[in-house]
file input.cif (mmCIF, C-alpha atoms and all ligand atoms)
data_protein
loop_
_atom_site.group_PDB
_atom_site.id
_atom_site.type_symbol
_atom_site.label_atom_id
_atom_site.label_comp_id
_atom_site.auth_asym_id
_atom_site.auth_seq_id
_atom_site.Cartn_x
_atom_site.Cartn_y
_atom_site.Cartn_z
ATOM 1 C CA MET A 236 36.230 -47.479 57.431
ATOM 2 C CA LEU A 237 35.599 -50.592 55.369
ATOM 3 C CA VAL A 238 33.529 -50.530 52.203
ATOM 4 C CA LEU A 239 32.248 -53.934 51.096
ATOM 5 C CA LEU A 240 31.023 -53.919 47.509
ATOM 6 C CA LYS A 241 28.406 -56.573 46.843
ATOM 7 C CA ARG A 242 26.463 -57.598 43.770
ATOM 8 C CA ASP A 243 22.928 -57.184 45.027
ATOM 9 C CA SER A 244 20.672 -56.983 48.038
ATOM 10 C CA GLU A 245 20.734 -60.769 48.509
ATOM 11 C CA GLU A 246 24.510 -60.712 48.991
ATOM 12 C CA ILE A 247 24.261 -57.683 51.244
ATOM 13 C CA SER A 248 21.639 -59.131 53.525
ATOM 14 C CA ARG A 249 23.515 -62.430 53.782
ATOM 15 C CA GLN A 250 26.753 -60.650 54.688
ATOM 16 C CA ALA A 251 25.035 -58.410 57.249
ATOM 17 C CA ALA A 252 23.266 -61.378 58.859
ATOM 18 C CA GLN A 253 26.601 -63.208 59.059
ATOM 19 C CA LEU A 254 28.214 -60.248 60.810
ATOM 20 C CA VAL A 255 25.359 -60.025 63.311
ATOM 21 C CA ALA A 256 25.382 -63.793 63.870
ATOM 22 C CA GLY A 257 29.146 -63.756 64.420
ATOM 23 C CA ALA A 258 28.811 -60.959 66.965
ATOM 24 C CA VAL A 259 26.044 -62.794 68.869
ATOM 25 C CA ARG A 260 28.062 -66.017 68.936
ATOM 26 C CA LYS A 261 31.083 -64.150 70.255
ATOM 27 C CA LYS A 262 29.013 -62.319 72.897
ATOM 28 C CA PRO A 263 25.659 -63.988 73.678
ATOM 29 C CA GLY A 264 24.518 -60.928 75.673
ATOM 30 C CA LEU A 265 25.229 -58.596 72.739
ATOM 31 C CA VAL A 266 23.566 -55.175 72.826
ATOM 32 C CA LEU A 267 22.298 -54.870 69.272
ATOM 33 C CA GLY A 268 21.063 -51.678 67.637
ATOM 34 C CA LEU A 269 18.400 -52.412 65.038
ATOM 35 C CA ALA A 270 16.940 -50.608 62.045
ATOM 36 C CA THR A 271 13.798 -50.882 59.928
ATOM 37 C CA GLY A 272 13.111 -50.272 56.228
ATOM 38 C CA GLY A 273 12.979 -52.377 53.094
ATOM 39 C CA THR A 274 16.753 -52.877 53.084
ATOM 40 C CA MET A 275 16.519 -54.706 56.414
ATOM 41 C CA VAL A 276 13.779 -57.189 55.545
ATOM 42 C CA ASP A 277 16.112 -59.862 54.147
ATOM 43 C CA VAL A 278 18.679 -59.354 56.895
ATOM 44 C CA TYR A 279 15.998 -60.376 59.395
ATOM 45 C CA LYS A 280 14.938 -63.227 57.101
ATOM 46 C CA HIS A 281 18.456 -64.671 57.189
ATOM 47 C CA LEU A 282 18.790 -64.179 60.947
ATOM 48 C CA VAL A 283 15.458 -65.950 61.484
ATOM 49 C CA GLN A 284 16.665 -68.801 59.292
ATOM 50 C CA LEU A 285 19.887 -69.185 61.279
ATOM 51 C CA HIS A 286 17.842 -69.217 64.477
ATOM 52 C CA LYS A 287 15.441 -71.863 63.113
ATOM 53 C CA GLU A 288 18.392 -74.026 62.056
ATOM 54 C CA GLY A 289 19.448 -73.947 65.696
ATOM 55 C CA SER A 290 22.698 -72.083 65.174
ATOM 56 C CA LEU A 291 21.746 -68.721 66.650
ATOM 57 C CA ASP A 292 20.396 -68.003 70.115
ATOM 58 C CA PHE A 293 19.014 -64.556 70.892
ATOM 59 C CA SER A 294 17.838 -65.330 74.431
ATOM 60 C CA ARG A 295 20.398 -63.032 76.062
ATOM 61 C CA VAL A 296 20.601 -60.405 73.331
ATOM 62 C CA VAL A 297 19.389 -56.900 74.224
ATOM 63 C CA THR A 298 18.001 -54.778 71.381
ATOM 64 C CA PHE A 299 17.509 -51.060 70.842
ATOM 65 C CA ASN A 300 15.721 -49.817 67.735
ATOM 66 C CA LEU A 301 16.756 -46.548 66.195
ATOM 67 C CA ASP A 302 13.415 -44.864 65.776
ATOM 68 C CA GLU A 303 9.622 -44.829 65.635
ATOM 69 C CA TYR A 304 7.012 -42.591 64.054
ATOM 70 C CA LEU A 305 5.338 -40.221 66.459
ATOM 71 C CA GLY A 306 1.615 -40.925 66.759
ATOM 72 C CA LEU A 307 1.638 -44.549 65.620
ATOM 73 C CA PRO A 308 0.730 -47.231 68.144
ATOM 74 C CA ALA A 309 2.531 -50.588 68.042
ATOM 75 C CA THR A 310 -0.558 -52.112 66.408
ATOM 76 C CA HIS A 311 -0.403 -49.788 63.369
ATOM 77 C CA SER A 312 0.830 -51.729 60.344
ATOM 78 C CA GLN A 313 3.273 -48.946 59.384
ATOM 79 C CA SER A 314 4.760 -48.568 62.845
ATOM 80 C CA PHE A 315 8.310 -49.754 63.379
ATOM 81 C CA HIS A 316 7.069 -51.810 66.355
ATOM 82 C CA TYR A 317 4.846 -53.718 63.941
ATOM 83 C CA PHE A 318 7.665 -54.097 61.395
ATOM 84 C CA MET A 319 10.016 -55.527 64.006
ATOM 85 C CA ARG A 320 7.422 -57.943 65.355
ATOM 86 C CA GLU A 321 6.489 -59.151 61.867
ATOM 87 C CA HIS A 322 9.994 -59.589 60.514
ATOM 88 C CA PHE A 323 11.992 -60.511 63.569
ATOM 89 C CA PHE A 324 10.785 -60.560 67.140
ATOM 90 C CA SER A 325 7.851 -62.963 66.658
ATOM 91 C CA ARG A 326 10.178 -65.407 64.862
ATOM 92 C CA VAL A 327 13.196 -65.557 67.173
ATOM 93 C CA ASN A 328 13.768 -65.938 70.901
ATOM 94 C CA VAL A 329 14.651 -62.398 71.947
ATOM 95 C CA ASN A 330 13.314 -61.946 75.478
ATOM 96 C CA PRO A 331 10.519 -59.328 75.229
ATOM 97 C CA ARG A 332 11.979 -57.664 78.335
ATOM 98 C CA ASN A 333 15.185 -57.031 76.351
ATOM 99 C CA ILE A 334 13.456 -55.243 73.458
ATOM 100 C CA HIS A 335 13.592 -51.439 73.357
ATOM 101 C CA ILE A 336 11.852 -49.454 70.616
ATOM 102 C CA PRO A 337 11.018 -45.768 71.049
ATOM 103 C CA ASP A 338 7.355 -45.353 71.969
ATOM 104 C CA GLY A 339 5.488 -43.456 69.266
ATOM 105 C CA THR A 340 2.459 -42.858 71.460
ATOM 106 C CA ILE A 341 4.031 -40.616 74.070
ATOM 107 C CA GLN A 342 2.472 -37.190 74.401
ATOM 108 C CA GLY A 343 4.399 -34.289 75.882
ATOM 109 C CA ASN A 344 7.432 -34.719 78.116
ATOM 110 C CA TYR A 345 9.388 -35.832 75.066
ATOM 111 C CA ASP A 346 12.722 -34.779 76.542
ATOM 112 C CA GLN A 347 12.141 -36.826 79.655
ATOM 113 C CA TYR A 348 11.114 -39.883 77.647
ATOM 114 C CA CYS A 349 14.114 -39.588 75.307
ATOM 115 C CA ALA A 350 16.490 -39.147 78.245
ATOM 116 C CA SER A 351 15.104 -42.375 79.753
ATOM 117 C CA PHE A 352 15.681 -44.200 76.426
ATOM 118 C CA GLU A 353 19.294 -43.034 76.498
ATOM 119 C CA GLU A 354 19.559 -44.103 80.130
ATOM 120 C CA ASP A 355 18.340 -47.598 79.178
ATOM 121 C CA ILE A 356 21.116 -47.832 76.567
ATOM 122 C CA ARG A 357 23.674 -46.797 79.178
ATOM 123 C CA LYS A 358 22.316 -49.283 81.739
ATOM 124 C CA ALA A 359 22.600 -52.066 79.158
ATOM 125 C CA GLY A 360 26.297 -51.227 78.793
ATOM 126 C CA GLY A 361 26.081 -49.307 75.515
ATOM 127 C CA ILE A 362 25.370 -50.617 72.025
ATOM 128 C CA ASP A 363 27.923 -53.159 70.793
ATOM 129 C CA LEU A 364 26.788 -53.338 67.190
ATOM 130 C CA GLN A 365 24.468 -50.898 65.411
ATOM 131 C CA ILE A 366 22.899 -51.727 62.043
ATOM 132 C CA LEU A 367 21.890 -48.772 59.890
ATOM 133 C CA GLY A 368 20.108 -48.159 56.632
ATOM 134 C CA ILE A 369 20.339 -44.802 54.902
ATOM 135 C CA GLY A 370 17.718 -42.431 53.543
ATOM 136 C CA ARG A 371 17.962 -40.926 50.052
ATOM 137 C CA ASN A 372 18.866 -37.673 51.785
ATOM 138 C CA GLY A 373 21.640 -39.343 53.779
ATOM 139 C CA HIS A 374 19.696 -39.668 57.016
ATOM 140 C CA ILE A 375 20.482 -42.378 59.555
ATOM 141 C CA GLY A 376 17.665 -43.254 61.920
ATOM 142 C CA PHE A 377 15.483 -40.207 61.361
ATOM 143 C CA ASN A 378 18.339 -37.732 61.700
ATOM 144 C CA GLU A 379 17.318 -35.528 58.831
ATOM 145 C CA PRO A 380 19.739 -33.186 57.029
ATOM 146 C CA THR A 381 21.027 -30.422 59.345
ATOM 147 C CA SER A 382 20.595 -32.606 62.435
ATOM 148 C CA SER A 383 23.259 -31.763 64.973
ATOM 149 C CA LEU A 384 26.150 -34.170 64.647
ATOM 150 C CA ALA A 385 26.148 -34.356 68.451
ATOM 151 C CA SER A 386 22.392 -34.939 68.796
ATOM 152 C CA ARG A 387 20.898 -37.400 71.273
ATOM 153 C CA THR A 388 17.611 -39.305 71.206
ATOM 154 C CA ARG A 389 14.876 -36.749 70.597
ATOM 155 C CA LEU A 390 11.720 -35.733 68.791
ATOM 156 C CA LYS A 391 12.551 -34.938 65.166
ATOM 157 C CA VAL A 392 10.461 -33.307 62.433
ATOM 158 C CA LEU A 393 10.581 -35.365 59.225
ATOM 159 C CA SER A 394 11.793 -33.776 56.003
ATOM 160 C CA GLN A 395 9.483 -33.544 52.990
ATOM 161 C CA GLU A 396 11.696 -36.019 51.103
ATOM 162 C CA THR A 397 11.369 -38.600 53.868
ATOM 163 C CA MET A 398 7.613 -38.085 54.121
ATOM 164 C CA ASP A 399 7.337 -38.526 50.334
ATOM 165 C CA ASP A 400 9.506 -41.674 50.396
ATOM 166 C CA ASN A 401 7.441 -43.208 53.149
ATOM 167 C CA ALA A 402 4.061 -42.059 51.820
ATOM 168 C CA LYS A 403 3.770 -45.099 49.555
ATOM 169 C CA SER A 404 3.400 -47.336 52.604
ATOM 170 C CA PHE A 405 0.340 -45.483 53.896
ATOM 171 C CA ALA A 406 -3.221 -45.857 52.582
ATOM 172 C CA PRO A 407 -4.452 -42.986 50.388
ATOM 173 C CA GLY A 408 -6.000 -40.294 52.561
ATOM 174 C CA GLU A 409 -4.511 -41.744 55.735
ATOM 175 C CA GLU A 410 -2.837 -39.208 57.976
ATOM 176 C CA ARG A 411 0.926 -39.652 57.755
ATOM 177 C CA PRO A 412 3.396 -39.083 60.538
ATOM 178 C CA ARG A 413 5.256 -35.796 60.377
ATOM 179 C CA CYS A 414 7.562 -36.451 63.319
ATOM 180 C CA ALA A 415 9.497 -39.311 64.847
ATOM 181 C CA ILE A 416 11.428 -40.216 67.960
ATOM 182 C CA THR A 417 14.955 -41.102 66.873
ATOM 183 C CA MET A 418 18.287 -41.926 68.417
ATOM 184 C CA GLY A 419 20.581 -38.977 67.798
ATOM 185 C CA ILE A 420 23.744 -38.964 65.742
ATOM 186 C CA GLY A 421 25.784 -38.669 68.946
ATOM 187 C CA THR A 422 23.933 -41.702 70.299
ATOM 188 C CA ILE A 423 24.658 -43.730 67.159
ATOM 189 C CA LEU A 424 28.343 -42.759 67.159
ATOM 190 C CA GLU A 425 28.749 -44.268 70.626
ATOM 191 C CA ALA A 426 28.013 -47.762 69.298
ATOM 192 C CA ARG A 427 31.217 -49.806 69.382
ATOM 193 C CA LYS A 428 30.742 -51.089 65.861
ATOM 194 C CA ILE A 429 28.489 -49.870 63.046
ATOM 195 C CA ILE A 430 27.298 -51.515 59.826
ATOM 196 C CA LEU A 431 25.466 -49.427 57.216
ATOM 197 C CA LEU A 432 23.626 -51.168 54.366
ATOM 198 C CA ALA A 433 22.541 -49.538 51.123
ATOM 199 C CA THR A 434 21.002 -50.947 47.972
ATOM 200 C CA GLY A 435 19.750 -49.457 44.730
ATOM 201 C CA ALA A 436 20.497 -46.461 42.538
ATOM 202 C CA ALA A 437 18.311 -44.111 44.602
ATOM 203 C CA LYS A 438 20.886 -44.341 47.413
ATOM 204 C CA ALA A 439 23.968 -43.812 45.187
ATOM 205 C CA ALA A 440 24.349 -40.063 45.786
ATOM 206 C CA ALA A 441 23.825 -40.378 49.545
ATOM 207 C CA VAL A 442 26.335 -43.231 49.739
ATOM 208 C CA ALA A 443 29.004 -41.329 47.760
ATOM 209 C CA LYS A 444 28.562 -38.189 49.872
ATOM 210 C CA SER A 445 28.677 -40.214 53.094
ATOM 211 C CA ILE A 446 31.864 -42.107 52.251
ATOM 212 C CA GLU A 447 33.800 -39.682 50.073
ATOM 213 C CA GLY A 448 32.272 -36.285 50.759
ATOM 214 C CA PRO A 449 33.034 -33.816 53.525
ATOM 215 C CA ILE A 450 31.562 -34.413 56.977
ATOM 216 C CA ALA A 451 28.509 -32.204 57.054
ATOM 217 C CA SER A 452 25.226 -31.989 58.904
ATOM 218 C CA ALA A 453 23.598 -31.786 55.450
ATOM 219 C CA VAL A 454 24.427 -35.510 55.061
ATOM 220 C CA SER A 455 24.005 -37.133 58.463
ATOM 221 C CA ALA A 456 25.682 -40.417 57.489
ATOM 222 C CA SER A 457 28.907 -38.571 56.568
ATOM 223 C CA VAL A 458 29.630 -38.298 60.291
ATOM 224 C CA LEU A 459 30.353 -42.033 60.278
ATOM 225 C CA GLN A 460 33.763 -41.085 58.850
ATOM 226 C CA LEU A 461 34.626 -40.173 62.451
ATOM 227 C CA HIS A 462 33.848 -43.669 63.732
ATOM 228 C CA PRO A 463 36.773 -46.089 64.090
ATOM 229 C CA GLU A 464 34.810 -49.272 63.303
ATOM 230 C CA VAL A 465 32.295 -48.678 60.578
ATOM 231 C CA THR A 466 31.557 -50.961 57.638
ATOM 232 C CA PHE A 467 29.477 -49.850 54.658
ATOM 233 C CA ILE A 468 27.970 -52.761 52.713
ATOM 234 C CA VAL A 469 26.654 -51.529 49.371
ATOM 235 C CA ASP A 470 25.450 -53.127 46.169
ATOM 236 C CA GLU A 471 26.639 -52.205 42.677
ATOM 237 C CA GLN A 472 23.902 -49.643 42.097
ATOM 238 C CA ALA A 473 24.301 -47.926 45.439
ATOM 239 C CA ALA A 474 28.089 -47.875 44.895
ATOM 240 C CA SER A 475 27.854 -46.451 41.375
ATOM 241 C CA GLN A 476 28.885 -42.890 42.332
ATOM 242 C CA LEU A 477 31.859 -43.902 44.488
ATOM 243 C CA THR A 478 35.139 -42.903 42.832
ATOM 244 C CA GLN A 479 37.474 -45.182 44.851
ATOM 245 C CA ARG A 480 35.846 -48.563 44.233
ATOM 246 C CA GLU A 481 39.092 -50.221 43.130
ATOM 247 C CA TYR A 482 40.824 -49.068 46.295
ATOM 248 C CA TYR A 483 38.009 -50.447 48.500
ATOM 249 C CA ARG A 484 38.421 -53.837 46.793
ATOM 250 C CA ARG A 485 42.161 -53.852 47.492
ATOM 251 C CA VAL A 486 41.630 -52.806 51.107
ATOM 252 C CA LEU A 487 39.247 -55.703 51.502
ATOM 253 C CA GLU A 488 41.696 -58.203 50.029
ATOM 254 C CA MET A 489 44.479 -57.037 52.327
ATOM 255 C CA THR A 490 42.154 -56.951 55.349
ATOM 256 C CA ALA A 491 41.112 -60.544 54.669
ATOM 257 C CA LEU A 492 44.777 -61.483 54.447
ATOM 258 C CA LEU A 493 46.244 -59.516 57.341
ATOM 259 C CA THR A 494 43.452 -58.796 59.843
ATOM 260 C CA PRO A 495 40.599 -61.213 59.062
ATOM 261 C CA ASP A 496 39.036 -60.589 62.511
ATOM 262 C CA ARG A 497 38.010 -57.169 61.254
ATOM 263 C CA LEU A 498 35.636 -58.910 58.824
ATOM 264 C CA SER A 499 33.831 -61.158 61.290
HETATM 265 C C1 LIG B 1 13.548 -44.910 57.314
HETATM 266 C C2 LIG B 1 14.300 -45.271 58.594
HETATM 267 C C3 LIG B 1 15.786 -45.372 58.328
HETATM 268 C C4 LIG B 1 16.049 -46.226 57.109
HETATM 269 C C5 LIG B 1 15.380 -45.619 55.903
HETATM 270 C C6 LIG B 1 15.667 -46.356 54.607
HETATM 271 O O1 LIG B 1 13.614 -43.576 57.023
HETATM 272 N N1 LIG B 1 14.104 -44.302 59.615
HETATM 273 O O2 LIG B 1 16.414 -45.933 59.483
HETATM 274 O O3 LIG B 1 17.432 -46.319 56.892
HETATM 275 O O4 LIG B 1 13.991 -45.635 56.172
HETATM 276 O O5 LIG B 1 14.660 -47.280 54.310
HETATM 277 P P1 LIG B 1 14.706 -48.281 53.090
HETATM 278 O O6 LIG B 1 15.615 -49.391 53.512
HETATM 279 O O7 LIG B 1 13.287 -48.750 52.944
HETATM 280 O O8 LIG B 1 15.208 -47.544 51.920
#
call {"tool": "encode", "arguments": {"input": "input.cif", "output": "structure tokens"}}
result
Amino acid sequence: MLVLLKRDSEEISRQAAQLVAGAVRKKPGLVLGLATGGTMVDVYKHLVQLHKEGSLDFSRVVTFNLDEYLGLPATHSQSFHYFMREHFFSRVNVNPRNIHIPDGTIQGNYDQYCASFEEDIRKAGGIDLQILGIGRNGHIGFNEPTSSLASRTRLKVLSQETMDDNAKSFAPGEERPRCAITMGIGTILEARKIILLATGAAKAAAVAKSIEGPIASAVSASVLQLHPEVTFIVDEQAASQLTQREYYRRVLEMTALLTPDRLS
């Protein structure tokens, strides 16, 4: 596990975009796992900029998004379909046929739908690089605390904390989603490489538990400790409860010196 300590969200988003860009340049048909949320907005901004400058081609990239609210159509301004179109897909040249986002409008037959989403990932050859944010409660995707660490893509009931966090995005009185379709933790762990981004003091406890705490279903992101190629990129505030910050800095220095490929 690598922990990159950055000053602020600008540095984080730049670094994450560079890692994604490097991966796409190395493998133009990259299978890229994508995330939504405020933390991701500037990552997409930088990727769009690289594309506009002519240095990044997404035409062969295949994407899989982590999750979508149940009940929201792609046209709803709070849907993750809408988010992705606004911030990324309408601004770069990803082939629409290569875009996969769980469908929030399905009704019934959830298991069958989720199995077909998993099948699509398999058919694409598996996810090469998965980008993750993290919830205040340590969730990744919408794998809320106590999610099975072996879970697959499925219908998931949102926790009260997540509904409260996301409530601010919905109009007063508007009905808010109580469930989501999300990749499972087992699905996420199969990605060949994982990057998790976290900014701000509200994420500090979740980040510390995920990196330095025991692996527990109570903190879904802690399972990433089992993954051989995971990089946490966190800003000063999100890193404030980590006890081994000095060690992470030294690891980074030595990695840059001895195995620089690990950082690109
Ligand atoms: C939602 C998404 C997560 C994301 C989280 C954090 O819950 N399902 O994938 O990590 O939001 O969002 P933000 O970056 O806005 O804090």
call {"tool": "atom_distance", "arguments": {"input": "input.cif", "atom1": "atom CA of A:Phe323", "atom2": "atom CA of A:Tyr279"}}
result
5.8 Å
call {"tool": "closest_residue", "arguments": {"input": "input.cif", "among": "A:Lys241, A:His281, A:Arg413, A:Arg387", "to": "ligand LIG 1 (chain B)", "atoms": "only C-alpha atoms and all ligand atoms"}}
result
A:Arg413
call {"tool": "closest_residue", "arguments": {"input": "input.cif", "among": "A:Glu464, A:Ser499, A:Asp400, A:Gln313", "to": "A:Val259", "atoms": "only C-alpha atoms"}}
result
A:Ser499
call {"tool": "residues_near_ligand", "arguments": {"input": "input.cif", "ligand": "ligand LIG 1 (chain B)", "cutoff": "9 Å", "atoms": "all atoms listed in the file", "output": "ChimeraX atom specification"}}
result
/A:269-276,301-304,315,367-371,373-378,397-398,400-401,415,417,431-435,437-438
call {"tool": "atom_distance", "arguments": {"input": "input.cif", "atom1": "atom CA of A:Val469", "atom2": "atom CA of A:Leu364"}}
result
17.9 Å
call {"tool": "closest_residue", "arguments": {"input": "input.cif", "among": "A:Leu459, A:Ala251, A:Gly264, A:Ile336", "to": "A:Leu239", "atoms": "only C-alpha atoms"}}
result
A:Ala251
call {"tool": "closest_residue", "arguments": {"input": "input.cif", "among": "A:Asn300, A:Thr422, A:Ser382, A:Gln479", "to": "A:Ser457", "atoms": "all atoms listed in the file"}}
result
A:Ser382
call {"tool": "resolve_selection", "arguments": {"input": "input.cif", "expression": "the PyMOL selection byres (((chain A and resi 334) around 12) and not hetatm)", "output": "CSV table (one decimal) with C-alpha atoms, in the frame of the given file"}}
result
chain,number,residue,atom,x,y,z
A,266,VAL,CA,23.6,-55.2,72.8
A,267,LEU,CA,22.3,-54.9,69.3
A,268,GLY,CA,21.1,-51.7,67.6
A,269,LEU,CA,18.4,-52.4,65.0
A,293,PHE,CA,19.0,-64.6,70.9
A,294,SER,CA,17.8,-65.3,74.4
A,295,ARG,CA,20.4,-63.0,76.1
A,296,VAL,CA,20.6,-60.4,73.3
A,297,VAL,CA,19.4,-56.9,74.2
A,298,THR,CA,18.0,-54.8,71.4
A,299,PHE,CA,17.5,-51.1,70.8
A,300,ASN,CA,15.7,-49.8,67.7
A,301,LEU,CA,16.8,-46.5,66.2
A,316,HIS,CA,7.1,-51.8,66.4
A,319,MET,CA,10.0,-55.5,64.0
A,320,ARG,CA,7.4,-57.9,65.4
A,323,PHE,CA,12.0,-60.5,63.6
A,324,PHE,CA,10.8,-60.6,67.1
A,325,SER,CA,7.9,-63.0,66.7
A,328,ASN,CA,13.8,-65.9,70.9
A,329,VAL,CA,14.7,-62.4,71.9
A,330,ASN,CA,13.3,-61.9,75.5
A,331,PRO,CA,10.5,-59.3,75.2
A,332,ARG,CA,12.0,-57.7,78.3
A,333,ASN,CA,15.2,-57.0,76.4
A,335,HIS,CA,13.6,-51.4,73.4
A,336,ILE,CA,11.9,-49.5,70.6
A,337,PRO,CA,11.0,-45.8,71.0
A,338,ASP,CA,7.4,-45.4,72.0
A,352,PHE,CA,15.7,-44.2,76.4
A,355,ASP,CA,18.3,-47.6,79.2
A,356,ILE,CA,21.1,-47.8,76.6
A,359,ALA,CA,22.6,-52.1,79.2
call {"tool": "closest_residue", "arguments": {"input": "input.cif", "among": "A:Ser383, A:Asn372, A:Ser290, A:Thr340", "to": "A:Ser445", "atoms": "only C-alpha atoms"}}
result
A:Asn372
call {"tool": "atom_distance", "arguments": {"input": "input.cif", "atom1": "atom CA of A:Thr466", "atom2": "atom CA of A:Lys428"}}
result
8.3 Å
call {"tool": "residues_around", "arguments": {"input": "input.cif", "residues": "A:Lys287", "least_positions_apart": "5", "cutoff": "9 Å", "atoms": "only C-alpha atoms", "output": "PyMOL selection string"}}
result
chain A and resi 282+326-327
call {"tool": "resolve_selection", "arguments": {"input": "input.cif", "expression": "the PyMOL selection byres (((chain A and resi 392) around 7) and not hetatm)", "output": "PyMOL selection string"}}
result
chain A and resi 390-391+393-394+413-415
